[in-house]
Amino acid sequence: MTDETRRLAAYAASVKYDDLPPAVLERAHNTIADTIGAMIYGYELPWSRMIVKYAQSAGPGGRSRIMGPDGPLVQPAAAALANGSLAHAFEMDGATKPSAGVHPGATVFPALLAIAQDRGASGKQVLTAFVAATEIMVRIGRATKKSNEHRGFHAPGTTGPFGAAVGAGLLLGLDAAKLTNAIGIAASLSCGLIQFSRAGTGGMVKRLHFGRAAESGVLAASLAAEGFTGPHDALEGEFGFLHAFCDERDIGALTLGLGENYVTLSIYMKRFPCHGTAQAPLQALEEIRAERSFTPADIAGIEITADADTVERHNIPNPTDAMLAQYSVPFCIALACCRNPHDPRSFDQSALTDREIRTVSALVKLSQGNLKRGAASVTVRLKDNTVLSRTVTVIRATPDIPPTRDDVYEKFSLLTNHLPRARMEELFRRVQNLESEPDLAWIAA
């Protein structure tokens with residue numbers, strides 16, 4: 001008989017703030033600040049406003065804040081749904097390297113914030129719960145070997161409910177037995193399909209997967225707190241998550257290094273507002289342009305070599321909406337030749353009809369090469385016969401070159417520059433000192 005689900009729950013219940021290494025706490029602080037910046041930016045987007053409107057009607061009368069300049073107070077599950085969707089509303093939230101199909105910021109933190117504001121949990125409790133939940137969720141993601149996505153599931157939507165359930169459960173005071181139930185319940189709430197990447201329509205739904213994950217975590221933890229039960233082998237069992245959702249699996253990864261190696265350190269910060277597979281190509285292009293400037297009119301062709309998954313899922317030559325544009329590596333490269341690729345405002349609706357961007361995009365060729373996952377090689381051929389090449393295997397702001405507090409502040413400032421600067425600087429400073437805060441009611445845009 002296996003007991004991986006129980007062991008994960010027991011570990012999460014045992015995590016104490018005083019035992020967490022400084023580097024792990026720093027990564028947690030930076031991830032939370034980065035996520036809040038993404039939420040604030042995402043609030044005004046049209047698809048976000050639809051979800052916010054629904055959350056207001058579905059969960060009125062609560063104490064949990066939806067993150068926006070006029071963000072309403074709603075019930076915890078509604079806040080988690082809205083804020084999780086806001087965090088991923090424009091591809092600005094971080095994931096992990098190596099990729100495990102998890103986004104701790106956008107799935108775990110919205111659930112924590114919702115419960116903390118509802119129940120009056122402290123900043124120290126939130127930090128502890130964030131790390132504990134991330135340690136569990138990343139390991140679940142690694143155990144899937146991302147084969148859930150090969151079957152058509154959107155990985156963060158399937159793994160996110162587990163992290164959110166563990167984090168919310170810890171703030172609700174669940175012991176190991178009830179956390180086991182919360183994980184068991186969360187397994188039946190996993191969802192999200194990536195058909196949007198093939199259909200060429202319906203890209204908005206990708207944003208919803210993260211909100212649903214956070215909402216599901218709040219639901220699972222809240223039910224477990226009342227004594228509701230779930231299967232105690234929900235991850236590893238014969239018809240459990242890893243067998244039902246995945247063609248391949250590594251059960252041992254669930255508990256590998258548990259309590260010894262902190263996988264929270266695998267979280268990275270996105271420097272560009274687009275899918276993770278575009279981060280290396282965009283960095284390569286940035287380095288090429290630092291060496292030799294050129295205009296879009298100078299370009300004869302651009303060749304990108306990347307791993308198989310990038311070529312299979314992200315070679316979208318003619319994206320029809322903003323989400324698919326951010327999902328398309330050729331389009332992101334073309335946009336970076338014409339606009340500032342760090343600023344999410346560059347990816348507004350006008351980018352889809354920008355003739356210059358479309359012209360360059362038609363010159364971009366994406367092909368598979370013998371590169372490790374996430375790496376990329378970019379070659380730019382100019383009309384004067386100049387050839388410029390760069391290969392990126394180490395991406396900035398990832399675990400190999402971790403983002404500093406200054407890096408996070410720079411991005412946070414860009415995402416929130418439409419709001420009063422003094423207020424945003426105070427928000428950033430207090431988040432970076434979260435353990436000194438008795439509650440999180442003050443976190444609002």
# chains A, B, ... in the order shown; residues from 1 in each chain; ligands from 1

$ residues_around --residues "Glu248 of chain A" --least-positions-apart "2" --cutoff "7 Å" --atoms "only C-alpha atoms" --output "number ranges by chain"
A: 144-145, 147, 246

$ write_last_selection --atoms "C-alpha atoms" --output "PDB file, in the first residue's frame"
ATOM      1  CA  THR A 144       3.024  14.179 -13.913  1.00  0.00           C
ATOM      2  CA  LYS A 145       6.089  14.454 -16.195  1.00  0.00           C
ATOM      3  CA  SER A 147       2.133  14.098 -19.712  1.00  0.00           C
ATOM      4  CA  CYS A 246      -1.323  11.280 -17.137  1.00  0.00           C
TER       5      CYS A 246
END

$ residues_around --residues "segment 191-193 of chain A" --least-positions-apart "2" --cutoff "8 Å" --atoms "only C-alpha atoms" --output "list in words"
Gly152, Phe153, His154, Ala155, Gly157, Thr158, Leu189, Gln195, Phe196, Lys206, His209 and Ala213 of chain A

$ atom_distance --atom1 "atom CA of Leu112 of chain A" --atom2 "atom CA of Glu215 of chain A"
10.5 Å

$ select_by_dssp --residues "segment 167-249 of chain A" --states "alpha helix (DSSP H)" --output "mmCIF file with C-alpha atoms, in the first residue's frame"
data_model
loop_
_atom_site.group_PDB
_atom_site.id
_atom_site.type_symbol
_atom_site.label_atom_id
_atom_site.label_comp_id
_atom_site.auth_asym_id
_atom_site.auth_seq_id
_atom_site.Cartn_x
_atom_site.Cartn_y
_atom_site.Cartn_z
ATOM 1 C CA GLY A 167 -2.306 26.514 1.473
ATOM 2 C CA ALA A 168 -5.894 27.431 2.287
ATOM 3 C CA GLY A 169 -6.167 24.409 4.560
ATOM 4 C CA LEU A 170 -3.158 25.469 6.610
ATOM 5 C CA LEU A 171 -4.655 28.936 7.150
ATOM 6 C CA ALA A 176 -2.562 16.309 8.602
ATOM 7 C CA ALA A 177 -5.683 14.122 8.449
ATOM 8 C CA LYS A 178 -7.909 16.937 7.210
ATOM 9 C CA LEU A 179 -5.241 18.139 4.796
ATOM 10 C CA THR A 180 -5.242 14.633 3.341
ATOM 11 C CA ASN A 181 -8.975 14.996 2.801
ATOM 12 C CA ALA A 182 -8.468 18.432 1.232
ATOM 13 C CA ILE A 183 -5.992 16.954 -1.264
ATOM 14 C CA GLY A 184 -8.430 14.114 -1.952
ATOM 15 C CA ILE A 185 -11.244 16.581 -2.642
ATOM 16 C CA ALA A 186 -9.004 18.782 -4.797
ATOM 17 C CA ALA A 187 -8.204 15.803 -7.030
ATOM 18 C CA PHE A 196 -7.646 26.902 -27.297
ATOM 19 C CA SER A 197 -4.099 26.485 -28.625
ATOM 20 C CA ARG A 198 -5.352 24.341 -31.517
ATOM 21 C CA ALA A 199 -8.754 25.884 -32.205
ATOM 22 C CA MET A 204 -9.827 33.842 -22.751
ATOM 23 C CA VAL A 205 -10.490 30.471 -21.142
ATOM 24 C CA LYS A 206 -6.790 30.015 -20.390
ATOM 25 C CA ARG A 207 -7.009 32.889 -17.879
ATOM 26 C CA LEU A 208 -9.924 31.198 -16.133
ATOM 27 C CA HIS A 209 -8.029 27.987 -15.413
ATOM 28 C CA PHE A 210 -5.914 29.691 -12.754
ATOM 29 C CA GLY A 211 -8.875 31.315 -11.050
ATOM 30 C CA ARG A 212 -10.722 28.027 -11.008
ATOM 31 C CA ALA A 213 -7.693 26.332 -9.459
ATOM 32 C CA ALA A 214 -7.532 28.889 -6.644
ATOM 33 C CA GLU A 215 -11.300 28.738 -6.127
ATOM 34 C CA SER A 216 -11.216 24.929 -6.063
ATOM 35 C CA GLY A 217 -8.519 25.004 -3.407
ATOM 36 C CA VAL A 218 -10.656 27.218 -1.185
ATOM 37 C CA LEU A 219 -13.638 24.914 -1.729
ATOM 38 C CA ALA A 220 -11.646 21.745 -0.990
ATOM 39 C CA ALA A 221 -10.056 23.153 2.174
ATOM 40 C CA SER A 222 -13.321 24.642 3.439
ATOM 41 C CA LEU A 223 -15.181 21.366 2.993
ATOM 42 C CA ALA A 224 -12.360 19.410 4.643
ATOM 43 C CA ALA A 225 -12.525 21.801 7.595
ATOM 44 C CA PHE A 241 -4.963 11.890 -10.320
ATOM 45 C CA LEU A 242 -1.653 10.643 -11.735
ATOM 46 C CA HIS A 243 -3.235 7.633 -13.432
ATOM 47 C CA ALA A 244 -6.401 9.354 -14.626
ATOM 48 C CA PHE A 245 -4.755 12.480 -16.056
#

$ closest_residue --among "A:Gln326, A:Leu127, A:Ala121, A:Thr31" --to "Ala89 of chain A" --atoms "only C-alpha atoms"
A:Gln326

$ residues_around --residues "segment 390-396 of chain A" --least-positions-apart "6" --cutoff "7 Å" --atoms "only C-alpha atoms" --output "ChimeraX atom specification"
/A:280,284,288,375-379

$ write_last_selection --atoms "C-alpha atoms" --output "PDB file, in the first residue's frame"
ATOM      1  CA  ALA A 280      14.533  32.308 -24.069  1.00  0.00           C
ATOM      2  CA  ALA A 284      18.310  35.900 -27.295  1.00  0.00           C
ATOM      3  CA  ILE A 288      21.417  40.313 -30.407  1.00  0.00           C
ATOM      4  CA  ALA A 375      16.446  26.824 -24.378  1.00  0.00           C
ATOM      5  CA  ALA A 376      16.414  28.516 -27.766  1.00  0.00           C
ATOM      6  CA  SER A 377      18.671  29.669 -30.586  1.00  0.00           C
ATOM      7  CA  VAL A 378      17.802  32.767 -32.653  1.00  0.00           C
ATOM      8  CA  THR A 379      19.405  33.787 -35.944  1.00  0.00           C
TER       9      THR A 379
END

$ residues_around --residues "Gln125 of chain A" --least-positions-apart "5" --cutoff "9 Å" --atoms "only C-alpha atoms" --output "compact mmCIF listing (two decimals) with N, CA and C atoms, in the first residue's frame"
# COMPACT_ATOMS: atom_id res chain seq x y z
N LYS A 16 7.21 24.91 9.58
CA LYS A 16 7.21 26.04 10.51
C LYS A 16 8.04 27.18 9.92
N TYR A 17 7.58 28.38 10.13
CA TYR A 17 8.25 29.56 9.59
C TYR A 17 9.71 29.63 10.01
N ALA A 116 -6.88 34.47 4.18
CA ALA A 116 -6.22 35.33 5.17
C ALA A 116 -7.07 36.56 5.47
N PHE A 130 2.39 29.46 2.05
CA PHE A 130 2.77 29.54 0.65
C PHE A 130 3.90 28.57 0.34
N LEU A 170 -4.05 25.10 5.51
CA LEU A 170 -3.16 25.47 6.61
C LEU A 170 -3.65 26.74 7.30
N LEU A 171 -4.14 27.71 6.53
CA LEU A 171 -4.65 28.94 7.15
C LEU A 171 -5.96 28.68 7.90
N GLU A 435 6.16 39.22 7.02
CA GLU A 435 6.13 38.52 8.32
C GLU A 435 5.85 39.45 9.48

$ atom_distance --atom1 "atom CA of Thr310 of chain A" --atom2 "atom CA of Cys332 of chain A"
12.9 Å

$ closest_residue --among "A:Ala129, A:Asp250, A:Pro317, A:Arg27" --to "Leu174 of chain A" --atoms "only C-alpha atoms"
A:Ala129

$ select_by_dssp --residues "segment 281-388 of chain A" --states "strand (DSSP E)" --output "PyMOL selection string"
chain A and resi 299-306+364-368+376-382+387-388

$ residues_around --residues "Leu73 of chain A" --least-positions-apart "3" --cutoff "6 Å" --atoms "only C-alpha atoms" --output "ChimeraX atom specification"
/A:62-65

$ residues_around --residues "segment 289-303 of chain A" --least-positions-apart "5" --cutoff "12 Å" --atoms "only C-alpha atoms" --output "compact mmCIF listing (two decimals) with C-alpha atoms, in the first residue's frame"
# COMPACT_ATOMS: atom_id res chain seq x y z
CA PRO A 281 13.97 33.40 -27.69
CA LEU A 282 13.11 36.93 -26.55
CA GLN A 283 16.21 37.09 -24.35
CA ALA A 284 18.31 35.90 -27.30
CA VAL A 329 6.67 32.39 -30.29
CA PRO A 330 6.92 33.77 -33.86
CA PHE A 331 4.50 36.59 -33.08
CA ILE A 333 9.61 37.69 -31.64
CA ALA A 334 8.07 39.87 -34.35
CA LEU A 335 6.51 42.17 -31.79
CA ALA A 336 9.86 42.51 -29.98
CA CYS A 337 11.38 43.78 -33.22
CA CYS A 338 8.78 46.56 -33.38
CA ARG A 339 7.78 47.37 -29.77
CA ARG A 355 1.07 45.67 -40.35
CA GLU A 356 4.75 45.96 -39.39
CA ILE A 357 4.48 43.21 -36.76
CA ARG A 358 2.58 40.94 -39.16
CA THR A 359 5.17 41.52 -41.87
CA VAL A 360 8.02 40.52 -39.56
CA SER A 361 6.04 37.58 -38.17
CA ALA A 362 5.77 36.14 -41.68
CA LEU A 363 9.59 36.14 -41.82
CA VAL A 364 9.98 34.07 -38.63
CA LYS A 365 10.57 30.33 -38.95
CA LEU A 366 10.38 28.08 -35.89
CA SER A 367 11.92 24.62 -36.05
CA GLN A 368 12.94 21.83 -33.69
CA GLY A 369 16.54 21.44 -32.64
CA ALA A 376 16.41 28.52 -27.77
CA SER A 377 18.67 29.67 -30.59
CA VAL A 378 17.80 32.77 -32.65
CA THR A 379 19.40 33.79 -35.94
CA VAL A 380 18.54 37.12 -37.56
CA ARG A 381 19.44 37.60 -41.23
CA LEU A 382 19.51 41.21 -42.39
CA LYS A 383 19.05 42.45 -45.94
CA ASP A 384 22.69 43.61 -46.06
CA ASN A 385 23.68 39.90 -45.61
CA THR A 386 24.65 40.36 -41.95
CA VAL A 387 23.90 37.26 -39.85
CA LEU A 388 23.42 37.66 -36.09
CA SER A 389 22.97 34.62 -33.82
CA ARG A 390 22.57 33.92 -30.13
CA THR A 391 21.75 30.76 -28.16

$ residues_around --residues "His29 of chain A" --least-positions-apart "2" --cutoff "8 Å" --atoms "only C-alpha atoms" --output "short mmCIF file (atom, residue, chain, number, x, y, z; two decimals) with C-alpha atoms, in the first residue's frame"
data_model
loop_
_atom_site.label_atom_id
_atom_site.label_comp_id
_atom_site.auth_asym_id
_atom_site.auth_seq_id
_atom_site.Cartn_x
_atom_site.Cartn_y
_atom_site.Cartn_z
CA LEU A 25 11.61 33.19 2.19
CA GLU A 26 13.15 35.68 -0.23
CA ARG A 27 11.76 33.72 -3.19
CA THR A 31 6.86 35.74 -5.95
CA ILE A 32 4.02 37.24 -3.92
CA ALA A 33 5.02 40.80 -4.87
CA LEU A 127 4.41 32.98 4.01
CA VAL A 431 4.72 42.80 1.00
CA GLN A 432 8.52 42.44 1.16
CA ASN A 433 8.21 42.55 4.97
CA LEU A 434 5.10 40.42 5.18
#

$ closest_residue --among "A:Asn30, A:Thr5, A:Thr35, A:Ser188" --to "Pro403 of chain A" --atoms "only C-alpha atoms"
A:Asn30
